[in-house]
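Only one structure is covered here, and it is reproduced in the block below.
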Amino acid sequence: MLYTDLDKIPLDTFIDVFTGDKSKLIIKGRHSDEELSEQSEKLITEYMEIIGGASFLSEMSKRNNIINLHIKIECMKIVEVMIANNDWEYAAEALSRLGFPYPSSEHDKIRKKAASILSMSKYMLERINAREKPENASKMDKNYFVRERVAVMAHYGMQIRKNEISAKEYAFMVKRMCEDIKSMNNRKRK
């Protein structure tokens, strides 16, 4: 007999399974490694699908930002070539399309704005890349779940005993917390 339902597996047992101890799926009896792997994969996939919406949107936004920074860098490199060739009309037009309208006669302003956009975009890209290095990544280990559970408890103002709550209930709490935070951030921007 195995845990086969995310709603039936206690959070503490699920965390052990999530972090690699598939034997925790066994309620009683003997089961093959293949069977344990298949079942743990199903439970982890269901868990990630529940909480993944907010994470997925965040990841897509981050990737979009990286692409936009690369585009700005390449555009500014082209603007620098235009400036070097005294093609001020095209340089001014390129900056205008990015939201920085300058008359083509404003050579100093065009040169400074292009250099500013280029250096700022490179700096932002370096910061993102530094945060994304594997050694800086927040891996989902037991400590990750402890930190996450503390955040969830603080958000809801309640104690969460990981042996008394199912992994599915917890996943929906995490999802709801992320949605609440996103909603609060959207209200602050307005």
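So you can find residues: chains in the structure tokens are A, B, ... in the order shown, residues in each start at 1, and ligands are numbered from 1 in order.
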| query | If you count only C-alpha atoms, which residues fall within 9 Å of A:Asp87, apart from same-chain ones fewer than 6 positions away, as a VMD selection string? | reply | chain A and resid 79 81 104
Since we have the selection now, will you write its residues out, keeping all heavy atoms, as a PDB file, in the first residue's frame?
ATOM      1  N   VAL A  79      23.245  51.566 -32.302  1.00  0.00           N
ATOM      2  CA  VAL A  79      23.211  53.032 -32.210  1.00  0.00           C
ATOM      3  C   VAL A  79      24.630  53.572 -32.105  1.00  0.00           C
ATOM      4  O   VAL A  79      24.967  54.593 -32.733  1.00  0.00           O
ATOM      5  CB  VAL A  79      22.335  53.497 -31.013  1.00  0.00           C
ATOM      6  CG1 VAL A  79      22.528  54.980 -30.738  1.00  0.00           C
ATOM      7  CG2 VAL A  79      20.870  53.193 -31.283  1.00  0.00           C
ATOM      8  N   VAL A  81      27.294  52.289 -33.425  1.00  0.00           N
ATOM      9  CA  VAL A  81      27.870  52.211 -34.769  1.00  0.00           C
ATOM     10  C   VAL A  81      27.333  53.362 -35.619  1.00  0.00           C
ATOM     11  O   VAL A  81      28.091  53.999 -36.369  1.00  0.00           O
ATOM     12  CB  VAL A  81      27.553  50.837 -35.429  1.00  0.00           C
ATOM     13  CG1 VAL A  81      27.908  50.836 -36.909  1.00  0.00           C
ATOM     14  CG2 VAL A  81      28.272  49.714 -34.702  1.00  0.00           C
ATOM     15  N   SER A 104      17.867  65.007 -34.053  1.00  0.00           N
ATOM     16  CA  SER A 104      19.133  64.453 -34.554  1.00  0.00           C
ATOM     17  C   SER A 104      20.300  65.428 -34.388  1.00  0.00           C
ATOM     18  O   SER A 104      21.456  65.022 -34.475  1.00  0.00           O
ATOM     19  CB  SER A 104      18.990  64.036 -36.013  1.00  0.00           C
ATOM     20  OG  SER A 104      18.628  65.147 -36.799  1.00  0.00           O
TER      21      SER A 104
END
Long-range neighbours of stretch 95-98 of chain A as an mmCIF file with N, CA and C atoms, in the first residue's frame, 9 Å cut-off, only C-alpha atoms, 5 positions minimum in chain:
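Now in result-v2.cif:
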data_model
loop_
_atom_site.group_PDB
_atom_site.id
_atom_site.type_symbol
_atom_site.label_atom_id
_atom_site.label_comp_id
_atom_site.auth_asym_id
_atom_site.auth_seq_id
_atom_site.Cartn_x
_atom_site.Cartn_y
_atom_site.Cartn_z
ATOM 1 N N LYS A 72 17.833 45.507 -25.881
ATOM 2 C CA LYS A 72 18.331 46.875 -25.651
ATOM 3 C C LYS A 72 19.837 46.957 -25.864
ATOM 4 N N CYS A 75 20.527 46.800 -29.582
ATOM 5 C CA CYS A 75 20.089 48.057 -30.213
ATOM 6 C C CYS A 75 21.077 49.188 -29.932
ATOM 7 N N MET A 76 21.541 49.278 -28.700
ATOM 8 C CA MET A 76 22.472 50.354 -28.354
ATOM 9 C C MET A 76 23.832 50.152 -29.014
ATOM 10 N N VAL A 79 23.245 51.566 -32.302
ATOM 11 C CA VAL A 79 23.211 53.032 -32.210
ATOM 12 C C VAL A 79 24.630 53.572 -32.105
ATOM 13 N N TYR A 90 19.370 58.192 -37.959
ATOM 14 C CA TYR A 90 18.988 56.829 -37.577
ATOM 15 C C TYR A 90 19.201 56.586 -36.082
ATOM 16 N N ILE A 110 22.240 62.360 -27.473
ATOM 17 C CA ILE A 110 22.049 61.042 -28.098
ATOM 18 C C ILE A 110 23.175 60.099 -27.652
ATOM 19 N N LYS A 113 22.746 59.236 -23.892
ATOM 20 C CA LYS A 113 21.582 58.368 -23.641
ATOM 21 C C LYS A 113 21.869 56.945 -24.114
ATOM 22 N N ALA A 114 22.472 56.797 -25.269
ATOM 23 C CA ALA A 114 22.808 55.465 -25.780
ATOM 24 C C ALA A 114 23.787 54.768 -24.838
#
| task | Would you kindly return, as a list in words, each protein, DNA or RNA residue with an atom no farther than 10 Å from any atom of A:Met120, considering only C-alpha atoms and excluding same-chain residues fewer than 4 positions away? | result |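 Neighbouring residues, sequence-local ones excluded: Leu69, Lys72, Ile73, Ala114, Ala115, Ser116, Met124, Leu125 and Glu126 of chain A.
Listed by chain and then by rising number, the residues of chain A that DSSP assigns to strand (DSSP E or B) from the backbone are Leu2, Pro10, Ile26 and Ser166 of chain A.
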With C-alpha atoms kept, could you save the residues just selected as a PDB file, in the first residue's frame?
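This is the output file part_7.pdb:
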ATOM      1  CA  LEU A   2       1.330   3.418  -1.041  1.00  0.00           C
ATOM      2  CA  PRO A  10       1.003  14.288   5.298  1.00  0.00           C
ATOM      3  CA  ILE A  26       5.200   3.098   1.526  1.00  0.00           C
ATOM      4  CA  SER A 166      -1.912  17.174   3.795  1.00  0.00           C
TER       5      SER A 166
END
| Residue nearest A:Lys122 - candidates A:Glu74, A:Glu106, A:Glu169, A:Asp7, atoms counted: only C-alpha atoms | A:Glu74
